[in-house]
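All remarks here apply to the structure that follows.
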Amino acid sequence: MTDAAVVALLAPVAWAPPGTDPAVWRAAMAEDVVDLLTPLPRIQAAIAAVAADLPLARRIAWPSTRIYEVPAPTIRAALTAAANDGHDKAAVVLADAPDLPAMLIGKLLRPLSTRHLAVAPAHNGGLLAASARLPVPDWLPDLDAETGDVAAARRPAPEPTMVASAPGWHRLRSAEDLQRLDLSLDGWEATRAILT
């Protein structure tokens, strides 16, 4: 029995370290996020991908990982896919945060006991993740992962208190972001292998 789906969203990645194949970099980060999510207890791990990214999704998926084909690589599309899979709660995490601590997944889901939505900002701008009670609320906008924030999610809500702010973390989208990596954290072997 699972408490929620947690979906790694294969959104476009616009930056890679110099000398690194962007496709290899993107795949390594996404693999690390999926490897973080899949063993979590009481979680159904999933990957949301547009049709062109389904081969990557299949390559990094574990046997138990669900793969959702979505029309666009957006948080709302991934939440809708989880709802269509029968879940009543789901979280969506951008797949370019390879060293994300597992405890933040719990902190993203916990507010759903009293709130309709929780949003986690990326420390370097935009969004890291969002979670929601399902079906997806009609008022939820199609949040932009690069420019969205908690305020953008609260603005259309019938009551601002329906949207919780969850703890954030960084995504890897520039050379400066590499300095944010926590080398003491276990995991993220695929990304670490590229960087070392």
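Letters A, B, ... mark the chains of the structure tokens in the order given; residue numbers begin at 1 per chain; ligand numbers begin at 1, in order shown.
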Polymer residues at most 12 Å from Leu178 (chain A), only C-alpha atoms, same-chain spacing of 4 or more positions, as a count of residues only: 18
If we count only C-alpha atoms, what is near Leu143 (chain A) at a cut-off of 9 Å, once residues fewer than 6 positions away on the same chain are taken out, given as a list in words? Thr74, Ile75, Arg76, Leu127, Asp149, Ala152 and Ala153 of chain A
Select from region 7-134 of chain A everything DSSP, run on the backbone, classes as strand (DSSP E), then give the selection as a ChimeraX atom specification. /A:7-9,43-49,66-69,89-94,117-121,127-133
Please indicate the distance in Å from CA of Ala11 (chain A) to CA of Ala122 (chain A), rounded to one decimal place.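 Separation of CA of Ala11 (chain A) and CA of Ala122 (chain A): 14.5 Å.
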Non-local contacts of Ser64 (chain A) (10 Å; only C-alpha atoms; under 5 positions in same chain excluded) as a list in words: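 In the requested form, the answer reads Thr38, Pro39, Gln44, Ala45 and Ala46 of chain A.
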Can you list, as number ranges by chain, every residue of region 138-168 of chain A that DSSP puts in alpha helix (DSSP H)? A: 150-154
Serialized selection, N, CA, C and O atoms, as a short mmCIF file (atom, residue, chain, number, x, y, z; two decimals), in the first residue's frame:
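out30.cif was written with the following content:
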data_model
loop_
_atom_site.label_atom_id
_atom_site.label_comp_id
_atom_site.auth_asym_id
_atom_site.auth_seq_id
_atom_site.Cartn_x
_atom_site.Cartn_y
_atom_site.Cartn_z
N VAL A 150 5.96 30.20 -4.63
CA VAL A 150 4.81 29.91 -3.77
C VAL A 150 3.70 30.93 -4.02
O VAL A 150 2.51 30.58 -4.08
N ALA A 151 4.06 32.18 -4.21
CA ALA A 151 3.06 33.22 -4.43
C ALA A 151 2.25 32.95 -5.69
O ALA A 151 1.04 33.17 -5.72
N ALA A 152 2.90 32.44 -6.74
CA ALA A 152 2.19 32.15 -8.00
C ALA A 152 1.18 31.03 -7.80
O ALA A 152 0.14 31.01 -8.47
N ALA A 153 1.46 30.11 -6.90
CA ALA A 153 0.50 29.04 -6.61
C ALA A 153 -0.63 29.53 -5.71
O ALA A 153 -1.77 29.08 -5.84
N ARG A 154 -0.32 30.44 -4.80
CA ARG A 154 -1.34 30.93 -3.86
C ARG A 154 -2.31 31.91 -4.52
O ARG A 154 -3.48 31.99 -4.14
#
Taking only C-alpha atoms into account, which of A:Pro135, A:Pro101, A:Pro111, A:Pro41 comes nearest Asp85 (chain A)?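 The closest residue to Asp85 (chain A) is A:Pro135.
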Name all residues at most 9 Å from Pro137 (chain A) (count only C-alpha atoms; drop same-chain ones fewer than 3 positions away) and give them as a list in words.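 Near Pro137 (chain A), the qualifying residues are His116, Leu117, Ala132, Arg133, Leu134, Leu140 and Ala157 of chain A.
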Dump of C-alpha atoms for the selected residues, as a short mmCIF file (atom, residue, chain, number, x, y, z; two decimals), in the first residue's frame:
data_model
loop_
_atom_site.label_atom_id
_atom_site.label_comp_id
_atom_site.auth_asym_id
_atom_site.auth_seq_id
_atom_site.Cartn_x
_atom_site.Cartn_y
_atom_site.Cartn_z
CA HIS A 116 -4.50 21.14 -0.84
CA LEU A 117 -1.08 21.96 -2.25
CA ALA A 132 -1.15 18.10 -4.23
CA ARG A 133 -4.25 16.29 -3.16
CA LEU A 134 -5.77 14.72 -6.24
CA LEU A 140 -4.00 25.28 -9.82
CA ALA A 157 -6.30 29.62 -4.74
#
